Amino acid sequence: MDDQTKLREFEARILNGELIEPKDWMPERYRKQLIRMISQHAHSEVIGMLPEGNWITRAPNLRRKISLLAKVQDEAGHGLYLYSAAETLGADRNSLINQLLDGLAKYSSIFNYPTLTWADIGIIGWFVDGAAIVNQTMLAKCSYGPYARANLRICKEENFHKKQGYEIIVTLAQGTEEQRKMAQDSVNRWWWPTLMMFGPPDGQSPNSEELMRWKIKLYSKDELRQRFIDLTIPQAKAVNLNIPDPDLRFNEKSGNWETGSIDWDEFFRVIKGYGPMNRQRIEARRNADKNGQWVRAADDAWAEKQRLKPNEMAGS
Amino acid sequence: MTEKNQNWEPWEVFIQPGQGAPHEHAGNVHASDAEMALQNARDLFARRGKVLSIWVVPARMITASSPSDSGPFFDPADDKAYRHPKFYTVPKGVRGV
């Protein structure tokens, strides 16, 4: 069967709503696009632990601290589900991790902003995980089986992340004047960067057409962004927090909230490495890798010794 | 730069999500031996909810059927209507057969 016929059959399967599995025939572009997307997603989960890890030792009480610890551990788990999914496409995990350490890989622009106050931990759960849920709920229905299943598993855990974040914000918003100000300041700093998380507007996304044709994505970036905006604004109003956008208005006709224009120059600056925290994020990952090296080496040496022992089961 | 460890390999993980349920494929972990694979699998796939048991197996030990041959490979099962109860008739009014 020639590649043209295979491609036709592949696209017919996708149109039919079938899931593509690792050993199935797929176009090279499909494989490449998925490896690019899944590895960026995995890196985002791993880098995403850093801004939150910043507050673990300073959580205001034990209840908040155990939640935050559990949440950060979940993010590590999400990174691992996703690296596994990328491996099913033939990607090598070490190479992917090295691309991140070498500063060659992209990850979500949002994690290049600093967590200056405790309220930022609430905002990350409410805004950032809220936005991630909108995106990942779609990806849980994408055409590639292992990626869809990884996202399904992730979504089940993200709901706790969002709710604990919103609870933090509600507590602050209903607290003292100082606490309310802290929550509002955090909303002000994170609102626009969160909207940028979905990526550049439709028409400026070079990969979108292909990704949607192959059902790697089911909705456009603007559609996902709109869904997040419509979900979030009533949640902000419920606790009297202001969205920092003088142009924000409700369109009665469409039933959507319309925002002012997003500063895409800022987005591209951050993506290109000039956000407030890009350098520190990569530096932290490099240090973690370096500091863990002796543990991995010791483990490897031990496993090798077990393997070479004659007539004995390794590890028994 | 992260190094490659010669004894690390992927292990496939199967979890039993409840009493009496069959083990289901959950995903995989990287580990240097069975004990580490089991611990990593617990940390990754049993952080919440009821998991009663975990199996791990080196991915290279699994032999899988090939999707390109799935037509002819599973063909023999396709045309055997006599393996299903609907193939057989019983007299009218007889119940519980």
# chains A, B, ... in the order shown; residues from 1 in each chain; ligands from 1
>>> interface_residues(of="chain B", to="chain A", cutoff="12 Å", atoms="only C-alpha atoms", output="count of residues only")
45
>>> select_by_dssp(residues="range 186-217 of chain A", states="alpha helix (DSSP H)", output="PyMOL selection string")
chain A and resi 186-196+208-213
>>> select_by_dssp(residues="chain B", states="strand (DSSP E)", output="VMD selection string")
chain B and resid 9 to 16 24 to 31 53 to 58
>>> write_last_selection(atoms="N, CA and C atoms", output="mmCIF file, in the first residue's frame")
data_model
loop_
_atom_site.group_PDB
_atom_site.id
_atom_site.type_symbol
_atom_site.label_atom_id
_atom_site.label_comp_id
_atom_site.auth_asym_id
_atom_site.auth_seq_id
_atom_site.Cartn_x
_atom_site.Cartn_y
_atom_site.Cartn_z
ATOM 1 N N GLU B 9 14.978 1.165 32.428
ATOM 2 C CA GLU B 9 14.150 0.841 31.275
ATOM 3 C C GLU B 9 12.688 1.043 31.639
ATOM 4 N N PRO B 10 11.814 1.130 30.624
ATOM 5 C CA PRO B 10 10.390 1.273 30.919
ATOM 6 C C PRO B 10 9.762 -0.036 31.397
ATOM 7 N N TRP B 11 8.919 0.083 32.392
ATOM 8 C CA TRP B 11 8.125 -1.045 32.894
ATOM 9 C C TRP B 11 6.658 -0.700 32.707
ATOM 10 N N GLU B 12 5.892 -1.634 32.179
ATOM 11 C CA GLU B 12 4.451 -1.391 32.037
ATOM 12 C C GLU B 12 3.769 -1.705 33.362
ATOM 13 N N VAL B 13 2.753 -0.896 33.682
ATOM 14 C CA VAL B 13 2.101 -0.998 34.992
ATOM 15 C C VAL B 13 0.632 -1.397 34.830
ATOM 16 N N PHE B 14 0.215 -2.377 35.617
ATOM 17 C CA PHE B 14 -1.178 -2.823 35.617
ATOM 18 C C PHE B 14 -1.721 -2.682 37.036
ATOM 19 N N ILE B 15 -2.862 -2.024 37.178
ATOM 20 C CA ILE B 15 -3.418 -1.849 38.528
ATOM 21 C C ILE B 15 -4.788 -2.501 38.644
ATOM 22 N N GLN B 16 -5.054 -3.020 39.850
ATOM 23 C CA GLN B 16 -6.376 -3.570 40.144
ATOM 24 C C GLN B 16 -7.126 -2.498 40.937
ATOM 25 N N GLU B 24 -5.760 -3.715 35.166
ATOM 26 C CA GLU B 24 -5.854 -2.961 33.913
ATOM 27 C C GLU B 24 -4.553 -2.224 33.656
ATOM 28 N N HIS B 25 -4.207 -2.070 32.370
ATOM 29 C CA HIS B 25 -3.012 -1.307 32.040
ATOM 30 C C HIS B 25 -3.214 0.150 32.442
ATOM 31 N N ALA B 26 -2.262 0.724 33.193
ATOM 32 C CA ALA B 26 -2.401 2.113 33.644
ATOM 33 C C ALA B 26 -1.424 3.039 32.925
ATOM 34 N N GLY B 27 -0.257 2.515 32.548
ATOM 35 C CA GLY B 27 0.762 3.354 31.926
ATOM 36 C C GLY B 27 2.110 2.714 32.177
ATOM 37 N N ASN B 28 3.178 3.519 32.169
ATOM 38 C CA ASN B 28 4.468 2.918 32.482
ATOM 39 C C ASN B 28 5.313 3.825 33.354
ATOM 40 N N VAL B 29 6.366 3.239 33.912
ATOM 41 C CA VAL B 29 7.344 3.988 34.711
ATOM 42 C C VAL B 29 8.733 3.581 34.242
ATOM 43 N N HIS B 30 9.725 4.395 34.569
ATOM 44 C CA HIS B 30 11.108 4.014 34.316
ATOM 45 C C HIS B 30 11.715 3.569 35.645
ATOM 46 N N ALA B 31 12.480 2.483 35.625
ATOM 47 C CA ALA B 31 13.087 1.994 36.856
ATOM 48 C C ALA B 31 14.255 1.097 36.508
ATOM 49 N N SER B 53 -3.919 -3.745 44.096
ATOM 50 C CA SER B 53 -2.709 -4.474 43.740
ATOM 51 C C SER B 53 -2.106 -3.901 42.465
ATOM 52 N N ILE B 54 -0.805 -4.025 42.342
ATOM 53 C CA ILE B 54 -0.095 -3.509 41.154
ATOM 54 C C ILE B 54 0.780 -4.622 40.579
ATOM 55 N N TRP B 55 0.775 -4.778 39.269
ATOM 56 C CA TRP B 55 1.729 -5.643 38.587
ATOM 57 C C TRP B 55 2.653 -4.755 37.764
ATOM 58 N N VAL B 56 3.942 -5.062 37.722
ATOM 59 C CA VAL B 56 4.854 -4.372 36.802
ATOM 60 C C VAL B 56 5.593 -5.412 35.977
ATOM 61 N N VAL B 57 5.861 -5.080 34.725
ATOM 62 C CA VAL B 57 6.584 -6.011 33.853
ATOM 63 C C VAL B 57 7.440 -5.197 32.888
ATOM 64 N N PRO B 58 8.706 -5.620 32.666
ATOM 65 C CA PRO B 58 9.534 -4.863 31.721
ATOM 66 C C PRO B 58 8.838 -4.792 30.355
#
>>> atom_distance(atom1="CA of Thr57 in chain A", atom2="CA of Ile123 in chain A")
18.0 Å
>>> residues_around(residues="Arg213 in chain A", least_positions_apart="4", cutoff="10 Å", atoms="only C-alpha atoms", output="number ranges by chain")
A: 11, 14-15, 208-209, 217-218
>>> write_last_selection(atoms="C-alpha atoms", output="PDB file, in the first residue's frame")
ATOM      1  CA  GLU A  11      -7.716  10.420   7.747  1.00  0.00           C
ATOM      2  CA  ILE A  14      -9.862  10.075  12.263  1.00  0.00           C
ATOM      3  CA  LEU A  15     -13.045  11.401  10.647  1.00  0.00           C
ATOM      4  CA  SER A 208      -3.611  25.041  14.014  1.00  0.00           C
ATOM      5  CA  GLU A 209      -5.118  23.961  10.689  1.00  0.00           C
ATOM      6  CA  LYS A 217      -7.084  19.679  18.732  1.00  0.00           C
ATOM      7  CA  LEU A 218     -10.847  19.980  18.564  1.00  0.00           C
TER       8      LEU A 218
END
>>> residues_around(residues="range 179-189 of chain A", least_positions_apart="5", cutoff="8 Å", atoms="only C-alpha atoms", output="count of residues only")
12
>>> atom_distance(atom1="CA of Gly103 in chain A", atom2="CA of Met37 in chain A")
16.3 Å
>>> closest_residue(among="A:Gly130, A:Asn240, A:Lys215, A:Ile282", to="Ala148 in chain A", atoms="only C-alpha atoms")
A:Lys215
>>> closest_residue(among="A:Asn61, A:Thr232, A:Ser143, A:Lys221", to="Asp129 in chain A", atoms="only C-alpha atoms")
A:Thr232
